[in-house]
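Everything on this sheet refers to the single structure shown next.
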Amino acid sequence: MDVLTTELNQLLRQASGTTLWLVDENIQLDMPANPAVLVVGNRFDVIERLQQCGWDAHFSDFDLSALASAGFDQIIYRVSKEKPVVHYLITAAQRLLRADGSLSLLGDKGEGIRTYARKAEACLEGTRTEQKLGPNSWHAHIRQGNGTGPCPDHQHYSELRPACADAQRQYWSKPGLFGWNKIDRGSALLIEQLPAMLGSSLPLPGKVLDLGCGFGYLALNVADSTTALVCSDNNAAALRACRYNLDQAGLQQAEVIAADAGDRLSPGFDVLLCNPPFHSGFSVDGDLTDRFLHAARRLLSAKGSACFVVNQHIPLERKAIGLFADIHTHLDSGQFKLVRLRQPINLQFQRDS
Ligand SMILES: C[S@@+](CC[C@H](N)C(=O)[O-])C[C@H]1O[C@@H](n2cnc3c(N)ncnc32)[C@H](O)[C@@H]1O
């Protein structure tokens with residue numbers, strides 16, 4: 001366990017007054033629930049796991065509007081990857097902390113923890129103490145002062161906005177989603193090649209799943225109002241943006257479902273589209289690819305096709321052996337691979353074939 005996790009666990013164990021713990025994807029928790037702590041987080045899998053352990057945990061895109069001003073003695077936050085999120089939560093702390101309450105920020109130097117600590121000190125007009133936990137890791141403790149100082153710019157974190165466009169449409173999105181303001185080049189390649197990969201034209205009929213949908217780029221480019229479309233992600237900001245874009249495109253029939261690698265979804269999809277994540281928090285997580293492949297096997301119908309795009313270095317074809325009987329690399333661009341998987345090896349396939 002790294003020093004930041006050890007410190008976080010200790011803070012959570014010792015928390016006694018009304019405490020708010022803001023959490024995203026960067027946790028490894030080894031302790032039972034502390035009833036003094038209210039948890040708000042934007043990752044479905046993290047919040048679900050905490051709820052199962054008995055924590056009072058709530059899933060949202062850090063919607064803190066229902067929480068009373070000056071209602072907390074302490075706020076604990078291991079900083080996120082993205083600056084607007086951190087700035088937004090420092091700004092929220094100004095409102096939520098009572099006089100003399102404290103904000104604990106944890107993070108590494110490379111993540112900007114020391115700059116964030118200074119910004120929080122200015123925003124809270126408080127006093128800052130810092131503890132070095134390891135060669136690069138810090139715990140900054142900022143005590144609320146007048147709480148009327150200038151807060152860092154969070155670029156209207158909560159609001160969806162036009163973020164990027166192609167010849168077809170404008171995509172709305174927001175900070176809080178990985179790569180929120182650009183079209184992923186791998187995903188664009190997948191859409192371009194999809195008719196050739198599947199041997200059928202777009203839009204797609206039947207049951208279609210966009211697994212790890214982000215703001216809905218893949219779904220929006222393959223569906224029309226007759227497609228039985230499901231979009232799923234674990235990120236609350238992604239789910240909000242995706243729902244908005246689908247509605248704007250007249251795809252109100254589509255379902256948008258919060259799930260951890262599709263764990264809440266029922267099987268039977270004719271086509272599954274996926275640009276899987278390979279980053280979890282600050283680390284590269286190879287296990288995520290495996291989890292998305294296992295989900296694809298479970299969710300695909302016996303005669304369906306799963307179309308993946310991955311960075312060239314990810315051994316998706318090798319990982320798919322034993323899960324799918326038909327593994328076909330449709331294209332290797334030198335940067336991205338497009339892989340089509342058919343005939344999931346599971347009980348349903350064995351029964352149907
Ligand atoms: C590379 S992005 C692809 C986004 C979108 N499909 C596109 O093509 O632009 C991967 C997506 O997987 C989501 N994701 C990461 N971990 C997940 C998990 N455990 N369960 C579901 N979705 C996850 C991320 O939030 C992100 O939206």
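Chain lettering (A, B, ...) mirrors the order of the structure tokens, residue numbering begins at 1 for each chain separately, and ligand numbering begins at 1 in order of display.
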Tell me, which residues of stretch 52-97 of chain A carry DSSP helix (DSSP H, G or I), written as a CSV table (one decimal) with N, CA, C and O atoms, in the first residue's frame?
chain,number,residue,atom,x,y,z
A,52,GLN,N,-21.2,-1.5,-0.2
A,52,GLN,CA,-21.2,-2.9,0.3
A,52,GLN,C,-20.5,-3.1,1.6
A,52,GLN,O,-20.8,-4.0,2.4
A,83,LYS,N,-7.5,18.9,-13.4
A,83,LYS,CA,-7.4,20.2,-12.6
A,83,LYS,C,-8.8,20.8,-12.3
A,83,LYS,O,-9.1,21.2,-11.2
A,84,PRO,N,-9.7,20.9,-13.3
A,84,PRO,CA,-11.0,21.5,-13.0
A,84,PRO,C,-11.8,20.8,-11.9
A,84,PRO,O,-12.5,21.5,-11.1
A,85,VAL,N,-11.7,19.5,-11.8
A,85,VAL,CA,-12.3,18.8,-10.7
A,85,VAL,C,-11.8,19.2,-9.4
A,85,VAL,O,-12.5,19.5,-8.4
A,86,VAL,N,-10.5,19.3,-9.3
A,86,VAL,CA,-9.8,19.6,-8.0
A,86,VAL,C,-10.2,21.1,-7.6
A,86,VAL,O,-10.6,21.4,-6.5
A,87,HIS,N,-10.2,22.0,-8.6
A,87,HIS,CA,-10.5,23.4,-8.4
A,87,HIS,C,-12.0,23.5,-7.9
A,87,HIS,O,-12.3,24.2,-7.0
A,88,TYR,N,-12.8,22.7,-8.6
A,88,TYR,CA,-14.3,22.7,-8.2
A,88,TYR,C,-14.5,22.2,-6.7
A,88,TYR,O,-15.2,22.8,-6.0
A,89,LEU,N,-13.7,21.2,-6.4
A,89,LEU,CA,-13.9,20.7,-5.0
A,89,LEU,C,-13.3,21.5,-3.9
A,89,LEU,O,-13.8,21.6,-2.8
A,90,ILE,N,-12.2,22.2,-4.3
A,90,ILE,CA,-11.6,23.2,-3.3
A,90,ILE,C,-12.6,24.3,-3.1
A,90,ILE,O,-12.9,24.8,-2.0
A,91,THR,N,-13.2,24.8,-4.2
A,91,THR,CA,-14.3,25.8,-4.1
A,91,THR,C,-15.5,25.4,-3.3
A,91,THR,O,-16.0,26.1,-2.5
A,92,ALA,N,-15.9,24.1,-3.5
A,92,ALA,CA,-17.0,23.6,-2.7
A,92,ALA,C,-16.6,23.5,-1.2
A,92,ALA,O,-17.5,23.8,-0.4
A,93,ALA,N,-15.4,23.2,-0.9
A,93,ALA,CA,-14.9,23.1,0.5
A,93,ALA,C,-15.1,24.5,1.2
A,93,ALA,O,-15.5,24.5,2.4
A,94,GLN,N,-14.9,25.6,0.5
A,94,GLN,CA,-15.0,26.9,1.1
A,94,GLN,C,-16.5,27.1,1.6
A,94,GLN,O,-16.7,27.6,2.7
A,95,ARG,N,-17.5,26.6,0.9
A,95,ARG,CA,-18.9,26.7,1.3
A,95,ARG,C,-19.2,25.7,2.4
A,95,ARG,O,-20.0,26.0,3.3
A,96,LEU,N,-18.7,24.5,2.3
A,96,LEU,CA,-19.2,23.4,3.1
A,96,LEU,C,-18.5,23.3,4.5
A,96,LEU,O,-19.1,22.7,5.4
>> What does the list of residues within 8 Å of ligand 1 look like if you count only C-alpha atoms and all ligand atoms, written as a count of residues only?
In response: 40
> Excluding same-chain residues fewer than 6 positions from stretch 223-231 of chain A, what lies within 10 Å of it counting only C-alpha atoms, as a ChimeraX atom specification?
Replying inline: /A:202-216,239,242-243,246,249-259,262,265,269-273
Please dump the current selection as a compact mmCIF listing (two decimals), in the first residue's frame; keep C-alpha atoms.
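What ended up in selection_27.txt:
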# COMPACT_ATOMS: atom_id res chain seq x y z
CA LEU A 202 -24.96 2.06 -40.51
CA PRO A 203 -27.20 2.74 -38.64
CA LEU A 204 -27.26 -0.65 -36.99
CA PRO A 205 -30.47 -2.55 -36.33
CA GLY A 206 -30.97 -4.82 -33.32
CA LYS A 207 -29.55 -4.60 -29.81
CA VAL A 208 -26.41 -2.49 -29.62
CA LEU A 209 -24.23 -1.82 -26.58
CA ASP A 210 -21.68 0.99 -26.20
CA LEU A 211 -19.58 -0.35 -23.31
CA GLY A 212 -17.62 2.46 -21.61
CA CYS A 213 -19.60 5.03 -23.58
CA GLY A 214 -17.97 8.28 -22.41
CA PHE A 215 -20.01 11.14 -23.89
CA GLY A 216 -21.55 8.69 -26.37
CA LEU A 239 -23.40 9.27 -18.10
CA CYS A 242 -24.10 10.75 -22.95
CA ARG A 243 -27.76 11.11 -21.96
CA LEU A 246 -28.52 11.03 -27.15
CA ALA A 249 -29.86 13.37 -31.45
CA GLY A 250 -33.46 12.14 -31.02
CA LEU A 251 -32.36 8.85 -29.46
CA GLN A 252 -34.64 9.08 -26.43
CA GLN A 253 -35.28 5.34 -26.63
CA ALA A 254 -31.68 4.59 -25.67
CA GLU A 255 -30.92 3.50 -22.13
CA VAL A 256 -27.98 4.98 -20.24
CA ILE A 257 -26.93 2.73 -17.37
CA ALA A 258 -24.35 3.15 -14.62
CA ALA A 259 -22.36 -0.06 -14.23
CA GLY A 262 -21.28 -3.64 -17.70
CA LEU A 265 -26.50 -5.29 -17.86
CA PHE A 269 -26.48 -7.83 -27.62
CA ASP A 270 -26.09 -8.21 -31.38
CA VAL A 271 -23.30 -5.68 -31.56
CA LEU A 272 -21.04 -4.47 -28.78
CA LEU A 273 -18.74 -1.49 -29.34
>> as a PyMOL selection string, please: every residue in stretch 248-297 of chain A that DSSP puts in strand (DSSP E).
In response: chain A and resi 255-258+269-274+279-280+283-284
Since we have the selection now, will you write its residues out, keeping N, CA and C atoms, as a tab-separated table (two decimals), in the first residue's frame?
chain	number	residue	atom	x	y	z
A	255	GLU	N	-31.10	3.55	-23.59
A	255	GLU	CA	-30.92	3.50	-22.13
A	255	GLU	C	-29.48	3.87	-21.79
A	256	VAL	N	-29.32	4.62	-20.72
A	256	VAL	CA	-27.98	4.98	-20.24
A	256	VAL	C	-27.87	4.42	-18.82
A	257	ILE	N	-26.94	3.50	-18.62
A	257	ILE	CA	-26.93	2.73	-17.37
A	257	ILE	C	-25.55	2.80	-16.69
A	258	ALA	N	-25.58	3.16	-15.42
A	258	ALA	CA	-24.35	3.15	-14.62
A	258	ALA	C	-24.01	1.71	-14.27
A	269	PHE	N	-26.73	-8.90	-26.65
A	269	PHE	CA	-26.48	-7.83	-27.62
A	269	PHE	C	-25.98	-8.39	-28.95
A	270	ASP	N	-26.52	-7.80	-30.04
A	270	ASP	CA	-26.09	-8.21	-31.38
A	270	ASP	C	-24.74	-7.59	-31.74
A	271	VAL	N	-24.57	-6.36	-31.32
A	271	VAL	CA	-23.30	-5.68	-31.56
A	271	VAL	C	-22.87	-4.98	-30.28
A	272	LEU	N	-21.60	-5.14	-29.95
A	272	LEU	CA	-21.04	-4.47	-28.78
A	272	LEU	C	-19.83	-3.65	-29.28
A	273	LEU	N	-19.83	-2.37	-28.93
A	273	LEU	CA	-18.74	-1.49	-29.34
A	273	LEU	C	-17.97	-1.07	-28.12
A	274	CYS	N	-16.64	-1.08	-28.24
A	274	CYS	CA	-15.86	-0.76	-27.03
A	274	CYS	C	-14.48	-0.20	-27.37
A	279	HIS	N	-6.47	3.25	-18.29
A	279	HIS	CA	-5.95	3.99	-17.14
A	279	HIS	C	-6.97	3.92	-16.02
A	280	SER	N	-6.48	3.65	-14.82
A	280	SER	CA	-7.34	3.73	-13.65
A	280	SER	C	-6.65	4.69	-12.69
A	283	SER	N	-2.65	5.22	-12.55
A	283	SER	CA	-1.85	4.09	-13.01
A	283	SER	C	-2.46	3.42	-14.24
A	284	VAL	N	-1.62	2.69	-14.98
A	284	VAL	CA	-2.10	1.94	-16.13
A	284	VAL	C	-2.57	0.59	-15.60
>> If we count only C-alpha atoms and set the cut-off at 12 Å, which residues sit around A:Arg49, ignoring sequence neighbours fewer than 2 positions away in its own chain? Please answer as a ChimeraX atom specification.
In response: /A:25,27-30,32-33,39,41,43-47,51-59,259-260
Store the residues picked out above, limited to N, CA, C and O atoms, as a tab-separated table (two decimals), in the first residue's frame.
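Done, and the output landed in selection.tsv:
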chain	number	residue	atom	x	y	z
A	25	GLU	N	-11.42	7.75	-8.41
A	25	GLU	CA	-11.04	6.36	-8.68
A	25	GLU	C	-9.79	5.92	-7.92
A	25	GLU	O	-9.41	4.76	-8.00
A	27	ILE	N	-8.56	4.85	-5.02
A	27	ILE	CA	-8.56	4.35	-3.64
A	27	ILE	C	-8.26	2.87	-3.55
A	27	ILE	O	-8.52	2.10	-4.45
A	28	GLN	N	-7.66	2.53	-2.45
A	28	GLN	CA	-7.48	1.14	-2.04
A	28	GLN	C	-7.83	1.19	-0.56
A	28	GLN	O	-7.08	1.72	0.23
A	29	LEU	N	-8.96	0.67	-0.22
A	29	LEU	CA	-9.41	0.86	1.15
A	29	LEU	C	-9.33	-0.46	1.91
A	29	LEU	O	-9.66	-1.50	1.38
A	30	ASP	N	-8.86	-0.40	3.14
A	30	ASP	CA	-8.74	-1.66	3.87
A	30	ASP	C	-9.43	-1.56	5.23
A	30	ASP	O	-9.03	-2.20	6.18
A	32	PRO	N	-13.15	-0.91	7.73
A	32	PRO	CA	-14.61	-0.92	7.79
A	32	PRO	C	-15.17	0.51	7.79
A	32	PRO	O	-14.43	1.46	8.02
A	33	ALA	N	-16.48	0.63	7.54
A	33	ALA	CA	-17.10	1.95	7.43
A	33	ALA	C	-16.96	2.74	8.73
A	33	ALA	O	-17.06	2.18	9.82
A	39	VAL	N	-19.70	9.95	2.18
A	39	VAL	CA	-18.85	9.81	1.00
A	39	VAL	C	-19.61	10.26	-0.24
A	39	VAL	O	-20.76	9.85	-0.45
A	41	GLY	N	-18.86	10.38	-4.47
A	41	GLY	CA	-17.89	10.03	-5.49
A	41	GLY	C	-18.52	9.88	-6.85
A	41	GLY	O	-19.73	9.67	-6.96
A	43	ARG	N	-17.43	7.66	-9.32
A	43	ARG	CA	-17.21	6.37	-10.00
A	43	ARG	C	-18.15	5.33	-9.40
A	43	ARG	O	-18.10	5.04	-8.21
A	44	PHE	N	-18.99	4.76	-10.27
A	44	PHE	CA	-20.02	3.83	-9.82
A	44	PHE	C	-19.42	2.64	-9.08
A	44	PHE	O	-19.92	2.21	-8.04
A	45	ASP	N	-18.35	2.07	-9.63
A	45	ASP	CA	-17.76	0.87	-9.04
A	45	ASP	C	-17.20	1.17	-7.64
A	45	ASP	O	-17.37	0.36	-6.71
A	46	VAL	N	-16.57	2.32	-7.48
A	46	VAL	CA	-15.98	2.68	-6.19
A	46	VAL	C	-17.08	2.87	-5.15
A	46	VAL	O	-17.01	2.34	-4.02
A	47	ILE	N	-18.13	3.59	-5.53
A	47	ILE	CA	-19.22	3.87	-4.59
A	47	ILE	C	-19.98	2.59	-4.23
A	47	ILE	O	-20.30	2.34	-3.06
A	51	GLN	N	-20.40	1.12	-0.52
A	51	GLN	CA	-21.73	0.84	0.05
A	51	GLN	C	-21.79	-0.59	0.58
A	51	GLN	O	-22.33	-0.85	1.66
A	52	GLN	N	-21.21	-1.51	-0.19
A	52	GLN	CA	-21.23	-2.91	0.25
A	52	GLN	C	-20.48	-3.09	1.57
A	52	GLN	O	-20.78	-3.97	2.35
A	53	CYS	N	-19.48	-2.23	1.80
A	53	CYS	CA	-18.72	-2.30	3.07
A	53	CYS	C	-19.39	-1.49	4.17
A	53	CYS	O	-18.82	-1.32	5.25
A	54	GLY	N	-20.56	-0.92	3.89
A	54	GLY	CA	-21.31	-0.23	4.93
A	54	GLY	C	-21.13	1.28	4.98
A	54	GLY	O	-21.66	1.94	5.87
A	55	TRP	N	-20.36	1.84	4.03
A	55	TRP	CA	-20.17	3.30	4.04
A	55	TRP	C	-21.43	4.00	3.54
A	55	TRP	O	-22.14	3.47	2.68
A	56	ASP	N	-21.66	5.22	4.05
A	56	ASP	CA	-22.77	6.05	3.59
A	56	ASP	C	-22.27	6.78	2.33
A	56	ASP	O	-21.83	7.93	2.39
A	57	ALA	N	-22.32	6.07	1.20
A	57	ALA	CA	-21.65	6.56	-0.01
A	57	ALA	C	-22.66	6.87	-1.11
A	57	ALA	O	-23.61	6.11	-1.33
A	58	HIS	N	-22.44	8.00	-1.81
A	58	HIS	CA	-23.41	8.49	-2.81
A	58	HIS	C	-22.72	8.74	-4.14
A	58	HIS	O	-21.67	9.39	-4.20
A	59	PHE	N	-23.35	8.24	-5.20
A	59	PHE	CA	-22.79	8.35	-6.56
A	59	PHE	C	-23.39	9.56	-7.27
A	59	PHE	O	-24.61	9.66	-7.44
A	259	ALA	N	-22.78	1.30	-14.56
A	259	ALA	CA	-22.36	-0.06	-14.23
A	259	ALA	C	-20.84	-0.12	-14.22
A	259	ALA	O	-20.16	0.73	-14.80
A	260	ASP	N	-20.33	-1.14	-13.55
A	260	ASP	CA	-18.89	-1.38	-13.52
A	260	ASP	C	-18.57	-2.40	-14.61
A	260	ASP	O	-18.91	-3.58	-14.46
Quick one: everything within 8 Å of A:Tyr171, counting only C-alpha atoms, minus sequence neighbours fewer than 6 positions away in the same chain. Send it as a short mmCIF file (atom, residue, chain, number, x, y, z; two decimals) with C-alpha atoms, in the first residue's frame.
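around-v9.cif, written as the output of this step:
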data_model
loop_
_atom_site.label_atom_id
_atom_site.label_comp_id
_atom_site.auth_asym_id
_atom_site.auth_seq_id
_atom_site.Cartn_x
_atom_site.Cartn_y
_atom_site.Cartn_z
CA PRO A 162 -20.23 22.04 -26.67
CA ALA A 163 -16.85 20.31 -26.50
CA CYS A 164 -15.95 19.02 -29.95
CA ALA A 165 -17.52 18.40 -33.33
CA PHE A 215 -20.01 11.14 -23.89
CA TYR A 217 -19.42 9.13 -29.49
CA ASN A 245 -26.16 13.93 -26.50
#
> When you draw a straight line from atom CA of A:Leu331 to atom CA of A:Gln193, how long is it in Å?
Replying inline: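 Between these atoms lies a distance of 8.6 Å.
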>> Need the shell around A:Phe324: protein/DNA/RNA residues with any atom at most 7 Å away, counting only C-alpha atoms. Skip same-chain ones fewer than 3 positions apart. Format as an NGL selection string?
In response: :A and (320-321 or 327 or 341-345)
Output file for the residues above (N, CA, C and O atoms, as a PDB file, in the first residue's frame):
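File written: part_23.pdb
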ATOM      1  N   ALA A 320      -8.054 -12.440 -25.560  1.00  0.00           N
ATOM      2  CA  ALA A 320      -9.391 -12.923 -25.939  1.00  0.00           C
ATOM      3  C   ALA A 320      -9.420 -14.433 -26.182  1.00  0.00           C
ATOM      4  O   ALA A 320     -10.500 -15.024 -26.275  1.00  0.00           O
ATOM      5  N   ILE A 321      -8.239 -15.037 -26.245  1.00  0.00           N
ATOM      6  CA  ILE A 321      -8.197 -16.498 -26.476  1.00  0.00           C
ATOM      7  C   ILE A 321      -8.851 -17.206 -25.283  1.00  0.00           C
ATOM      8  O   ILE A 321      -8.581 -16.884 -24.128  1.00  0.00           O
ATOM      9  N   ILE A 327     -11.610 -14.732 -33.433  1.00  0.00           N
ATOM     10  CA  ILE A 327     -10.877 -13.496 -33.091  1.00  0.00           C
ATOM     11  C   ILE A 327     -10.225 -12.994 -34.369  1.00  0.00           C
ATOM     12  O   ILE A 327      -9.389 -13.681 -34.959  1.00  0.00           O
ATOM     13  N   LEU A 341     -14.568  -9.648 -32.388  1.00  0.00           N
ATOM     14  CA  LEU A 341     -14.677 -10.898 -31.628  1.00  0.00           C
ATOM     15  C   LEU A 341     -16.068 -11.481 -31.837  1.00  0.00           C
ATOM     16  O   LEU A 341     -17.071 -10.769 -31.700  1.00  0.00           O
ATOM     17  N   ARG A 342     -16.097 -12.764 -32.181  1.00  0.00           N
ATOM     18  CA  ARG A 342     -17.395 -13.441 -32.358  1.00  0.00           C
ATOM     19  C   ARG A 342     -17.366 -14.774 -31.635  1.00  0.00           C
ATOM     20  O   ARG A 342     -16.304 -15.268 -31.266  1.00  0.00           O
ATOM     21  N   GLN A 343     -18.531 -15.376 -31.517  1.00  0.00           N
ATOM     22  CA  GLN A 343     -18.681 -16.695 -30.903  1.00  0.00           C
ATOM     23  C   GLN A 343     -18.124 -16.731 -29.480  1.00  0.00           C
ATOM     24  O   GLN A 343     -17.114 -17.383 -29.207  1.00  0.00           O
ATOM     25  N   PRO A 344     -18.789 -16.004 -28.577  1.00  0.00           N
ATOM     26  CA  PRO A 344     -18.347 -16.050 -27.179  1.00  0.00           C
ATOM     27  C   PRO A 344     -18.377 -17.473 -26.653  1.00  0.00           C
ATOM     28  O   PRO A 344     -19.327 -18.214 -26.906  1.00  0.00           O
ATOM     29  N   ILE A 345     -17.309 -17.844 -25.971  1.00  0.00           N
ATOM     30  CA  ILE A 345     -17.225 -19.209 -25.440  1.00  0.00           C
ATOM     31  C   ILE A 345     -17.848 -19.196 -24.048  1.00  0.00           C
ATOM     32  O   ILE A 345     -17.216 -18.830 -23.064  1.00  0.00           O
TER      33      ILE A 345
END
> Using only C-alpha atoms, which of A:Arg264, A:His156, A:Arg297, A:Arg143 sits nearest A:Ile75?
Replying inline: A:Arg143
> So how far away is atom CA of A:Pro175 from atom CA of A:Leu316, in Å?
Replying inline: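 Rounded to one decimal, the two atoms are 29.0 Å apart.
You will find atom CA of A:Glu317 at 27.2 Å from atom CA of A:Lys182.
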> Smallest atom-to-atom distance to A:Leu105: which of A:Trp172, A:Lys132, A:Pro267, A:Ile76, using only C-alpha atoms?
Replying inline: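 Closest residue, counting only C-alpha atoms: A:Ile76.
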> Any idea what's packed within 7 Å of A:Asp61, counting only C-alpha atoms, ignoring anything in its chain fewer than 3 positions away? Could you give it as a PyMOL selection string?
Replying inline: chain A and resi 42+236-237
Take the residues from that selection and write them out as a PDB file, in the first residue's frame, keeping all heavy atoms.
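Dumped to out27.pdb:
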ATOM      1  N   ASN A  42     -17.683   9.987  -7.889  1.00  0.00           N
ATOM      2  CA  ASN A  42     -18.212   9.988  -9.258  1.00  0.00           C
ATOM      3  C   ASN A  42     -17.928   8.698 -10.026  1.00  0.00           C
ATOM      4  O   ASN A  42     -18.113   8.654 -11.239  1.00  0.00           O
ATOM      5  CB  ASN A  42     -17.655  11.194 -10.034  1.00  0.00           C
ATOM      6  CG  ASN A  42     -16.150  11.129 -10.212  1.00  0.00           C
ATOM      7  OD1 ASN A  42     -15.492  10.274  -9.608  1.00  0.00           O
ATOM      8  ND2 ASN A  42     -15.607  12.008 -11.027  1.00  0.00           N
ATOM      9  N   ALA A 236     -19.909   9.240 -13.581  1.00  0.00           N
ATOM     10  CA  ALA A 236     -21.163   9.998 -13.516  1.00  0.00           C
ATOM     11  C   ALA A 236     -21.195  11.133 -14.541  1.00  0.00           C
ATOM     12  O   ALA A 236     -22.243  11.404 -15.142  1.00  0.00           O
ATOM     13  CB  ALA A 236     -21.343  10.559 -12.103  1.00  0.00           C
ATOM     14  N   ALA A 237     -20.060  11.792 -14.767  1.00  0.00           N
ATOM     15  CA  ALA A 237     -20.029  12.887 -15.745  1.00  0.00           C
ATOM     16  C   ALA A 237     -20.274  12.333 -17.152  1.00  0.00           C
ATOM     17  O   ALA A 237     -20.982  12.948 -17.961  1.00  0.00           O
ATOM     18  CB  ALA A 237     -18.682  13.605 -15.676  1.00  0.00           C
TER      19      ALA A 237
END
